[in-house]
$ cat query02.cif   # mmCIF, C-alpha atoms
data_query
#
loop_
_atom_site.label_atom_id
_atom_site.label_comp_id
_atom_site.auth_asym_id
_atom_site.auth_seq_id
_atom_site.Cartn_x
_atom_site.Cartn_y
_atom_site.Cartn_z
CA VAL T 1 -28.08 1.89 -11.12
CA ASN T 2 -30.08 4.78 -9.66
CA ILE T 3 -28.06 6.51 -6.95
CA TYR T 4 -29.68 8.63 -4.25
CA THR T 5 -28.57 10.45 -1.10
CA LYS T 6 -30.48 11.80 1.86
CA ASP T 7 -30.69 15.27 0.32
CA GLN T 8 -32.55 13.86 -2.69
CA ILE T 9 -34.95 11.83 -0.57
CA VAL T 10 -35.87 13.93 2.44
CA SER T 11 -38.06 17.01 2.34
CA LYS T 12 -38.86 19.45 5.11
CA TYR T 13 -42.46 19.67 3.91
CA VAL T 14 -45.08 17.28 5.33
CA GLY T 15 -45.89 14.41 2.98
CA ASP T 16 -43.17 15.18 0.44
CA THR T 17 -40.68 12.66 1.86
CA GLN T 18 -43.06 9.71 1.40
CA LYS T 19 -43.79 10.97 -2.11
CA ASN T 20 -40.06 11.22 -2.91
CA VAL T 21 -39.45 7.67 -1.68
CA THR T 22 -42.27 6.26 -3.80
CA GLU T 23 -41.05 8.16 -6.88
CA MET T 24 -37.57 6.80 -6.20
CA PHE T 25 -38.91 3.24 -6.13
CA ASN T 26 -40.96 3.75 -9.30
CA ALA T 27 -37.96 5.17 -11.17
CA SER T 28 -35.88 2.12 -10.19
CA PHE T 29 -38.09 -0.62 -11.66
CA GLY T 30 -35.79 -3.19 -13.27
CA ARG T 31 -32.75 -1.43 -11.85
CA VAL T 32 -30.64 -1.16 -8.71
CA LEU T 33 -31.76 1.46 -6.21
CA PHE T 34 -28.55 2.53 -4.46
CA ILE T 35 -28.82 4.78 -1.39
CA ASP T 36 -25.39 6.18 -0.57
CA GLU T 37 -24.58 7.06 3.06
CA ALA T 38 -27.98 5.63 3.94
CA TYR T 39 -27.25 5.89 7.67
CA MET T 40 -27.75 9.65 7.37
CA LEU T 41 -31.49 8.93 7.15
CA ALA T 42 -31.46 7.83 10.78
CA LYS T 43 -30.05 11.15 12.01
CA ASP T 44 -33.33 13.10 12.23
CA GLU T 45 -37.11 12.73 12.13
CA HIS T 46 -37.41 13.58 8.43
CA GLY T 47 -34.90 10.86 7.60
CA LYS T 48 -36.68 8.34 9.84
CA GLU T 49 -39.87 9.16 7.96
CA ALA T 50 -38.08 8.14 4.78
CA LEU T 51 -36.88 4.89 6.37
CA ASP T 52 -40.43 4.04 7.44
CA GLN T 53 -41.65 4.59 3.87
CA ILE T 54 -38.79 2.53 2.43
CA THR T 55 -39.73 -0.30 4.79
CA ALA T 56 -43.38 -0.02 3.77
CA ASN T 57 -42.53 -0.06 0.07
CA MET T 58 -40.31 -3.12 0.49
CA THR T 59 -43.33 -5.04 1.77
CA ASN T 60 -45.63 -3.70 -0.96
CA PRO T 61 -46.44 -6.43 -3.54
CA ALA T 62 -46.20 -3.78 -6.26
CA TYR T 63 -42.42 -3.63 -5.74
CA LEU T 64 -41.54 -7.20 -4.77
CA GLY T 65 -39.07 -8.69 -7.25
CA LYS T 66 -39.11 -5.53 -9.35
CA LEU T 67 -35.89 -3.87 -8.15
CA ALA T 68 -32.78 -4.46 -6.04
CA ILE T 69 -32.12 -2.14 -3.10
CA VAL T 70 -28.64 -1.38 -1.74
CA MET T 71 -28.14 0.79 1.34
CA ALA T 72 -24.47 1.68 1.64
CA GLY T 73 -22.38 3.31 4.32
CA TYR T 74 -19.92 2.78 7.14
CA THR T 75 -20.45 -0.56 8.85
CA LYS T 76 -21.14 0.68 12.37
CA ASP T 77 -23.45 3.47 11.22
CA ILE T 78 -25.43 1.16 8.94
CA MET T 79 -25.80 -1.44 11.69
CA ASP T 80 -26.98 1.25 14.14
CA MET T 81 -29.55 2.36 11.57
CA LEU T 82 -30.82 -1.18 11.03
CA ASN T 83 -30.91 -1.95 14.75
CA ALA T 84 -33.08 1.13 15.29
CA ASN T 85 -35.65 -0.14 12.80
CA SER T 86 -36.48 -3.83 13.27
CA GLY T 87 -38.78 -3.83 10.26
CA LEU T 88 -35.99 -2.61 8.03
CA THR T 89 -33.48 -5.10 9.45
CA SER T 90 -35.66 -8.07 8.53
CA ARG T 91 -36.00 -6.82 4.94
CA PHE T 92 -32.26 -7.01 4.25
CA ALA T 93 -31.27 -10.66 4.22
CA HIS T 94 -27.81 -10.04 2.77
CA LYS T 95 -25.23 -7.85 4.46
CA VAL T 96 -21.82 -7.41 2.81
CA ILE T 97 -18.95 -5.92 4.79
CA PHE T 98 -15.92 -4.69 2.83
CA ASP T 99 -12.54 -4.56 4.54
CA ASP T 100 -10.64 -1.28 4.59
CA TYR T 101 -7.87 -0.90 2.05
CA SER T 102 -4.44 -1.92 3.29
CA ASN T 103 -1.65 0.66 3.48
CA GLU T 104 -0.11 -0.89 0.39
CA GLU T 105 -3.37 -0.51 -1.56
CA LEU T 106 -3.77 3.06 -0.32
CA TRP T 107 -0.22 3.85 -1.41
CA GLN T 108 -1.00 2.54 -4.90
CA ILE T 109 -4.07 4.80 -5.05
CA LEU T 110 -2.12 7.79 -3.74
CA SER T 111 0.84 7.34 -6.08
CA SER T 112 -1.53 6.81 -9.04
CA ASN T 113 -3.34 10.06 -8.26
CA ILE T 114 -0.01 11.85 -7.91
CA SER T 115 1.04 10.58 -11.35
CA LYS T 116 -2.25 11.82 -12.83
CA GLN T 117 -1.27 15.30 -11.68
CA SER T 118 2.03 14.94 -13.56
CA LEU T 119 3.95 14.83 -10.29
CA ILE T 120 6.61 12.34 -9.22
CA ILE T 121 7.23 10.75 -5.84
CA ASP T 122 9.91 8.42 -4.51
CA GLU T 123 8.35 5.40 -2.78
CA HIS T 124 11.40 4.60 -0.65
CA GLU T 125 11.60 8.14 0.75
CA CYS T 126 7.92 8.97 1.09
CA LYS T 127 5.96 5.78 1.75
CA PRO T 128 6.88 5.67 5.49
CA TYR T 129 5.16 9.04 5.91
CA ALA T 130 2.08 7.87 4.03
CA ASP T 131 1.93 4.68 6.13
CA ALA T 132 2.18 6.68 9.36
CA TYR T 133 -0.59 9.03 8.17
CA PHE T 134 -2.92 6.13 7.31
CA ASP T 135 -2.17 4.34 10.60
CA LYS T 136 -2.96 7.45 12.61
CA GLU T 137 -6.25 7.91 10.74
CA ARG T 138 -7.20 4.30 11.50
CA ARG T 139 -6.53 4.86 15.20
CA SER T 140 -8.51 8.08 15.37
CA GLY T 141 -11.73 6.27 16.33
CA ALA T 142 -13.70 7.81 13.48
CA ASN T 143 -14.81 5.89 10.39
CA PHE T 144 -11.79 5.32 8.19
CA GLY T 145 -12.30 7.06 4.85
CA ASN T 146 -10.15 4.83 2.60
CA VAL T 147 -10.05 6.67 -0.76
CA ARG T 148 -11.29 9.87 0.86
CA THR T 149 -8.35 9.64 3.27
CA CYS T 150 -6.02 9.36 0.25
CA ASN T 151 -7.62 12.39 -1.36
CA ASN T 152 -7.32 14.41 1.85
CA LEU T 153 -3.66 13.46 2.18
CA LEU T 154 -2.92 14.39 -1.42
CA SER T 155 -4.60 17.75 -0.94
CA GLU T 156 -2.42 18.47 2.09
CA ILE T 157 0.70 17.28 0.28
CA THR T 158 0.18 19.50 -2.76
CA SER T 159 -0.65 22.47 -0.54
CA ARG T 160 2.59 22.06 1.40
CA GLN T 161 4.52 21.48 -1.82
CA ASN T 162 3.18 24.74 -3.27
CA CYS T 163 4.22 26.61 -0.13
CA ARG T 164 7.69 25.05 -0.25
CA ILE T 165 8.13 25.97 -3.92
CA ALA T 166 6.89 29.52 -3.34
CA SER T 167 9.33 30.03 -0.49
CA ALA T 168 12.20 28.78 -2.68
CA GLY T 169 11.66 31.58 -5.18
CA ASN T 170 13.68 31.20 -8.37
CA ASP T 171 16.16 28.87 -6.71
CA ILE T 172 14.46 25.69 -7.93
CA ASP T 173 14.77 23.61 -11.12
CA ASP T 174 12.06 22.09 -13.31
CA THR T 175 12.37 18.62 -11.79
CA ALA T 176 12.00 19.97 -8.29
CA LEU T 177 8.79 21.72 -9.35
CA ILE T 178 7.08 18.40 -9.99
CA THR T 179 8.69 16.33 -7.22
CA ILE T 180 6.93 15.42 -3.98
CA LEU T 181 9.38 15.34 -1.07
CA PRO T 182 9.01 13.85 2.43
CA GLU T 183 8.72 17.35 3.91
CA ASP T 184 5.57 17.87 1.83
CA PHE T 185 3.73 15.35 4.01
CA PRO T 186 1.68 16.96 6.81
CA ASN T 187 3.17 14.57 9.37
CA TYR T 188 6.77 15.08 8.25
CA GLU T 189 8.00 16.75 11.44
CA GLU T 190 6.17 14.31 13.72
CA VAL T 191 7.38 11.17 11.94
CA THR T 192 10.92 12.48 11.52
CA MET T 193 11.19 13.23 15.23
CA MET T 194 9.95 9.71 16.00
CA GLN T 195 12.61 8.32 13.67
CA PHE T 196 15.23 10.48 15.38
CA ALA T 197 14.07 9.21 18.79
CA ASP T 198 14.44 5.64 17.54
CA ALA T 199 17.95 6.45 16.29
CA ALA T 200 18.81 8.00 19.66
CA GLN T 201 17.62 4.86 21.42
CA GLN T 202 19.77 2.79 19.10
CA LEU T 203 22.72 5.02 19.92
CA THR T 204 22.15 4.51 23.64
CA GLN T 205 22.12 0.76 23.16
CA GLU T 206 25.20 0.71 20.96
CA ILE T 207 27.41 2.90 23.14
CA SER T 208 26.60 0.72 26.12
CA THR T 209 28.25 -2.30 24.49
CA PRO T 210 31.91 -3.11 25.32
CA SER T 211 33.04 -2.67 21.71
CA TYR T 212 32.27 1.05 21.96
CA ALA T 213 33.51 1.59 25.49
CA SER T 214 36.91 3.08 24.61
CA ASN T 215 36.39 4.43 21.12
CA GLU T 216 35.24 7.83 19.86
CA LEU T 217 31.89 7.89 18.09
CA ILE T 218 30.69 9.86 15.10
CA VAL T 219 26.96 10.55 15.08
CA ASP T 220 24.91 12.21 12.34
CA CYS T 221 22.15 14.10 14.15
CA SER T 222 20.61 15.61 11.03
CA LEU T 223 16.82 15.41 10.96
CA ASN T 224 17.13 14.41 7.33
CA ASN T 225 19.04 11.30 8.37
CA PRO T 226 17.36 10.13 11.59
CA ASP T 227 18.28 6.51 10.99
CA GLN T 228 21.94 7.20 10.20
CA LYS T 229 24.08 4.48 11.73
CA VAL T 230 26.31 5.35 14.64
CA ARG T 231 29.83 4.72 13.49
CA ASN T 232 32.91 3.69 15.45
CA VAL T 233 36.06 5.64 14.61
CA LYS T 234 38.00 2.44 14.14
CA ASP T 235 35.62 1.54 11.30
CA LEU T 236 36.84 4.59 9.36
CA ASP T 237 40.42 3.37 9.16
#
$ encode --input "query02.cif" --output "structure tokens"
Amino acid sequence: VNIYTKDQIVSKYVGDTQKNVTEMFNASFGRVLFIDEAYMLAKDEHGKEALDQITANMTNPAYLGKLAIVMAGYTKDIMDMLNANSGLTSRFAHKVIFDDYSNEELWQILSSNISKQSLIIDEHECKPYADAYFDKERRSGANFGNVRTCNNLLSEITSRQNCRIASAGNDIDDTALITILPEDFPNYEEVTMMQFADAAQQLTQEISTPSYASNELIVDCSLNNPDQKVRNVKDLD
């Protein structure tokens, strides 16, 4: 597989882009020509020049049946690129759309990368924060980065972990040095407050029931325990 990006294809000098495209095709005889983030070619005139030459080469008998061409990128951006070049659209008979990774798959990638850094993480405690992070990224309206999103999250986690460890000074043991905690997630405060709001709503519902009408309640309002059950004093007997 020969992998290329826009930077390797496009030149600011007149005539060089067409030359680069032809050299790219020639170097890929009997191989797969893979253009990563191909939609970037549609962003400016130099890139469109490359797309025109790619289209021309794909109709050139000298290249027919001699190589396979893959243009990869985000679905919407690739479709916009193809729709802007009818000649190019007709040359690609097969279009394969890959679904985004699920939160479970992303968690497996994240936890695997954490293990590779000789760190440990508790799934029960931390996965809700990872899920919320991934869900928010999906709703952002931008192209969802899948593995890149995992890498960005891990970078933020380790940065916050380092700050937490530094602020602890010498008051930290060896296990704590390699442990990822919920508060290391960049959305820790946001998600925890949402959990606390849910617990408060549950409290409102529970104290409105007859069984709690004449009994004292004990409530744990700690942010570290936002889902702590509201307990009736009579249950402590």
$ resolve_selection --input "query02.cif" --expression "the PyMOL selection byres ((chain T and resi 47) around 10)" --output "number ranges by chain"
T: 6-7, 9-12, 17, 38-46, 48-53
$ write_last_selection --input "query02.cif" --atoms "C-alpha atoms" --output "tab-separated table (two decimals), in the coordinates of the input"
chain	number	residue	atom	x	y	z
T	6	LYS	CA	-30.48	11.80	1.86
T	7	ASP	CA	-30.69	15.27	0.32
T	9	ILE	CA	-34.95	11.83	-0.57
T	10	VAL	CA	-35.87	13.93	2.44
T	11	SER	CA	-38.06	17.01	2.34
T	12	LYS	CA	-38.86	19.45	5.11
T	17	THR	CA	-40.68	12.66	1.86
T	38	ALA	CA	-27.98	5.63	3.94
T	39	TYR	CA	-27.25	5.89	7.67
T	40	MET	CA	-27.75	9.65	7.37
T	41	LEU	CA	-31.49	8.93	7.15
T	42	ALA	CA	-31.46	7.83	10.78
T	43	LYS	CA	-30.05	11.15	12.01
T	44	ASP	CA	-33.33	13.10	12.23
T	45	GLU	CA	-37.11	12.73	12.13
T	46	HIS	CA	-37.41	13.58	8.43
T	48	LYS	CA	-36.68	8.34	9.84
T	49	GLU	CA	-39.87	9.16	7.96
T	50	ALA	CA	-38.08	8.14	4.78
T	51	LEU	CA	-36.88	4.89	6.37
T	52	ASP	CA	-40.43	4.04	7.44
T	53	GLN	CA	-41.65	4.59	3.87
$ closest_residue --input "query02.cif" --among "T:Asp184, T:Asp173, T:Asp135, T:Asp100" --to "T:Gln161" --atoms "all atoms listed in the file"
T:Asp184
$ atom_distance --input "query02.cif" --atom1 "atom CA of T:Asn151" --atom2 "atom CA of T:Asn2"
25.1 Å
$ residues_around --input "query02.cif" --residues "T:Leu88" --least-positions-apart "3" --cutoff "6 Å" --atoms "only C-alpha atoms" --output "list in words"
Thr55, Asn85 and Arg91 of chain T
$ atom_distance --input "query02.cif" --atom1 "atom CA of T:Ile180" --atom2 "atom CA of T:Ile114"
8.7 Å
$ atom_distance --input "query02.cif" --atom1 "atom CA of T:Ala176" --atom2 "atom CA of T:Ser111"
17.0 Å
$ resolve_selection --input "query02.cif" --expression "the PyMOL selection byres ((chain T and resi 122-129) around 7)" --output "list in words"
Ile120, Ile121, Ala130, Asp131, Ala132, Tyr133, Leu181, Pro182, Phe185, Asn187, Tyr188 and Val191 of chain T
$ residues_around --input "query02.cif" --residues "T:Asn146" --least-positions-apart "3" --cutoff "8 Å" --atoms "all atoms listed in the file" --output "ChimeraX atom specification"
/T:100-101,106,149-150
$ closest_residue --input "query02.cif" --among "T:Asn152, T:Gln205, T:Asn143, T:Asn162" --to "T:Asp77" --atoms "all atoms listed in the file"
T:Asn143
$ resolve_selection --input "query02.cif" --expression "the PyMOL selection byres ((chain T and resi 34) around 9)" --output "count of residues only"
15
$ decode --input "query02.cif" --residues "stretch 40-89 of chain T" --atoms "N, CA and C atoms" --output "CSV table (one decimal), in the first residue's frame"
chain,number,residue,atom,x,y,z
T,40,MET,N,-9.4,16.8,1.8
T,40,MET,CA,-8.6,18.0,1.9
T,40,MET,C,-8.2,18.6,0.6
T,41,LEU,N,-8.2,17.7,-0.4
T,41,LEU,CA,-7.8,18.2,-1.8
T,41,LEU,C,-8.9,19.1,-2.4
T,42,ALA,N,-10.1,19.1,-1.8
T,42,ALA,CA,-11.2,19.9,-2.3
T,42,ALA,C,-11.2,21.3,-1.7
T,43,LYS,N,-10.3,21.5,-0.8
T,43,LYS,CA,-10.4,22.7,0.1
T,43,LYS,C,-9.8,24.0,-0.6
T,44,ASP,N,-8.9,23.8,-1.7
T,44,ASP,CA,-8.4,25.0,-2.4
T,44,ASP,C,-8.1,24.6,-3.8
T,45,GLU,N,-7.7,25.6,-4.6
T,45,GLU,CA,-7.5,25.4,-6.0
T,45,GLU,C,-6.4,24.5,-6.3
T,46,HIS,N,-5.3,24.5,-5.6
T,46,HIS,CA,-4.2,23.6,-5.8
T,46,HIS,C,-4.7,22.1,-5.6
T,47,GLY,N,-5.5,21.9,-4.6
T,47,GLY,CA,-6.0,20.6,-4.4
T,47,GLY,C,-7.0,20.1,-5.4
T,48,LYS,N,-7.8,21.1,-5.9
T,48,LYS,CA,-8.7,20.7,-7.0
T,48,LYS,C,-8.0,20.4,-8.3
T,49,GLU,N,-6.8,21.0,-8.5
T,49,GLU,CA,-6.0,20.7,-9.6
T,49,GLU,C,-5.5,19.2,-9.5
T,50,ALA,N,-5.2,18.8,-8.3
T,50,ALA,CA,-4.8,17.4,-8.1
T,50,ALA,C,-6.0,16.5,-8.4
T,51,LEU,N,-7.2,16.8,-7.9
T,51,LEU,CA,-8.3,16.0,-8.2
T,51,LEU,C,-8.6,15.9,-9.7
T,52,ASP,N,-8.5,16.9,-10.4
T,52,ASP,CA,-8.7,16.9,-11.9
T,52,ASP,C,-7.7,15.9,-12.5
T,53,GLN,N,-6.4,16.0,-12.0
T,53,GLN,CA,-5.4,15.1,-12.6
T,53,GLN,C,-5.7,13.6,-12.2
T,54,ILE,N,-6.1,13.4,-11.0
T,54,ILE,CA,-6.5,12.1,-10.6
T,54,ILE,C,-7.6,11.5,-11.5
T,55,THR,N,-8.6,12.3,-11.7
T,55,THR,CA,-9.7,11.9,-12.6
T,55,THR,C,-9.2,11.6,-14.0
T,56,ALA,N,-8.3,12.4,-14.5
T,56,ALA,CA,-7.8,12.2,-15.8
T,56,ALA,C,-7.0,10.9,-15.9
T,57,ASN,N,-6.2,10.7,-14.9
T,57,ASN,CA,-5.4,9.4,-14.8
T,57,ASN,C,-6.2,8.2,-14.7
T,58,MET,N,-7.3,8.3,-14.0
T,58,MET,CA,-8.2,7.1,-13.8
T,58,MET,C,-8.9,6.7,-15.1
T,59,THR,N,-8.9,7.6,-16.1
T,59,THR,CA,-9.5,7.3,-17.4
T,59,THR,C,-8.5,7.0,-18.4
T,60,ASN,N,-7.2,7.1,-18.0
T,60,ASN,CA,-6.1,6.9,-18.9
T,60,ASN,C,-5.8,5.4,-19.1
T,61,PRO,N,-5.9,4.8,-20.3
T,61,PRO,CA,-5.7,3.4,-20.5
T,61,PRO,C,-4.4,2.8,-19.9
T,62,ALA,N,-3.4,3.7,-19.7
T,62,ALA,CA,-2.1,3.3,-19.2
T,62,ALA,C,-2.2,2.8,-17.7
T,63,TYR,N,-3.3,3.3,-17.1
T,63,TYR,CA,-3.4,2.9,-15.6
T,63,TYR,C,-4.6,2.0,-15.3
T,64,LEU,N,-5.5,1.8,-16.3
T,64,LEU,CA,-6.6,0.9,-16.1
T,64,LEU,C,-6.3,-0.5,-15.7
T,65,GLY,N,-6.8,-1.0,-14.6
T,65,GLY,CA,-6.5,-2.3,-14.2
T,65,GLY,C,-5.1,-2.5,-13.6
T,66,LYS,N,-4.3,-1.4,-13.5
T,66,LYS,CA,-2.9,-1.6,-13.0
T,66,LYS,C,-2.8,-1.3,-11.5
T,67,LEU,N,-3.7,-0.6,-10.9
T,67,LEU,CA,-3.6,-0.3,-9.5
T,67,LEU,C,-5.0,-0.1,-8.9
T,68,ALA,N,-5.1,-0.2,-7.6
T,68,ALA,CA,-6.4,0.1,-6.9
T,68,ALA,C,-6.3,1.4,-6.2
T,69,ILE,N,-7.3,2.3,-6.2
T,69,ILE,CA,-7.3,3.6,-5.6
T,69,ILE,C,-8.3,3.7,-4.5
T,70,VAL,N,-7.8,4.1,-3.3
T,70,VAL,CA,-8.7,4.3,-2.2
T,70,VAL,C,-8.6,5.8,-1.7
T,71,MET,N,-9.7,6.4,-1.6
T,71,MET,CA,-9.7,7.8,-1.1
T,71,MET,C,-10.5,7.8,0.2
T,72,ALA,N,-9.8,8.0,1.3
T,72,ALA,CA,-10.4,7.9,2.6
T,72,ALA,C,-10.6,9.2,3.3
T,73,GLY,N,-11.6,9.2,4.2
T,73,GLY,CA,-11.9,10.4,5.0
T,73,GLY,C,-13.2,10.3,5.6
T,74,TYR,N,-13.6,11.4,6.3
T,74,TYR,CA,-14.9,11.4,6.9
T,74,TYR,C,-16.0,11.4,5.9
T,75,THR,N,-17.1,10.7,6.2
T,75,THR,CA,-18.1,10.4,5.2
T,75,THR,C,-18.7,11.7,4.5
T,76,LYS,N,-19.1,12.6,5.3
T,76,LYS,CA,-19.7,13.8,4.8
T,76,LYS,C,-18.7,14.6,3.9
T,77,ASP,N,-17.5,14.7,4.4
T,77,ASP,CA,-16.5,15.5,3.6
T,77,ASP,C,-16.1,14.8,2.3
T,78,ILE,N,-16.0,13.5,2.4
T,78,ILE,CA,-15.7,12.7,1.1
T,78,ILE,C,-16.9,12.9,0.1
T,79,MET,N,-18.1,12.8,0.6
T,79,MET,CA,-19.3,12.9,-0.3
T,79,MET,C,-19.3,14.3,-0.9
T,80,ASP,N,-19.0,15.3,-0.1
T,80,ASP,CA,-19.0,16.7,-0.6
T,80,ASP,C,-18.0,16.8,-1.7
T,81,MET,N,-16.8,16.2,-1.5
T,81,MET,CA,-15.7,16.2,-2.5
T,81,MET,C,-16.2,15.6,-3.8
T,82,LEU,N,-16.8,14.4,-3.7
T,82,LEU,CA,-17.2,13.7,-4.9
T,82,LEU,C,-18.3,14.4,-5.6
T,83,ASN,N,-19.3,15.0,-4.8
T,83,ASN,CA,-20.4,15.7,-5.4
T,83,ASN,C,-19.9,17.0,-6.1
T,84,ALA,N,-18.8,17.5,-5.8
T,84,ALA,CA,-18.2,18.7,-6.4
T,84,ALA,C,-17.5,18.4,-7.7
T,85,ASN,N,-17.3,17.1,-7.9
T,85,ASN,CA,-16.5,16.7,-9.1
T,85,ASN,C,-17.2,15.4,-9.7
T,86,SER,N,-18.2,15.7,-10.6
T,86,SER,CA,-19.0,14.6,-11.2
T,86,SER,C,-18.1,13.5,-11.9
T,87,GLY,N,-17.0,14.0,-12.5
T,87,GLY,CA,-16.2,13.0,-13.2
T,87,GLY,C,-15.5,12.1,-12.2
T,88,LEU,N,-15.2,12.6,-11.1
T,88,LEU,CA,-14.5,11.7,-10.0
T,88,LEU,C,-15.6,10.8,-9.4
T,89,THR,N,-16.8,11.3,-9.2
T,89,THR,CA,-17.8,10.5,-8.6
T,89,THR,C,-18.1,9.2,-9.4
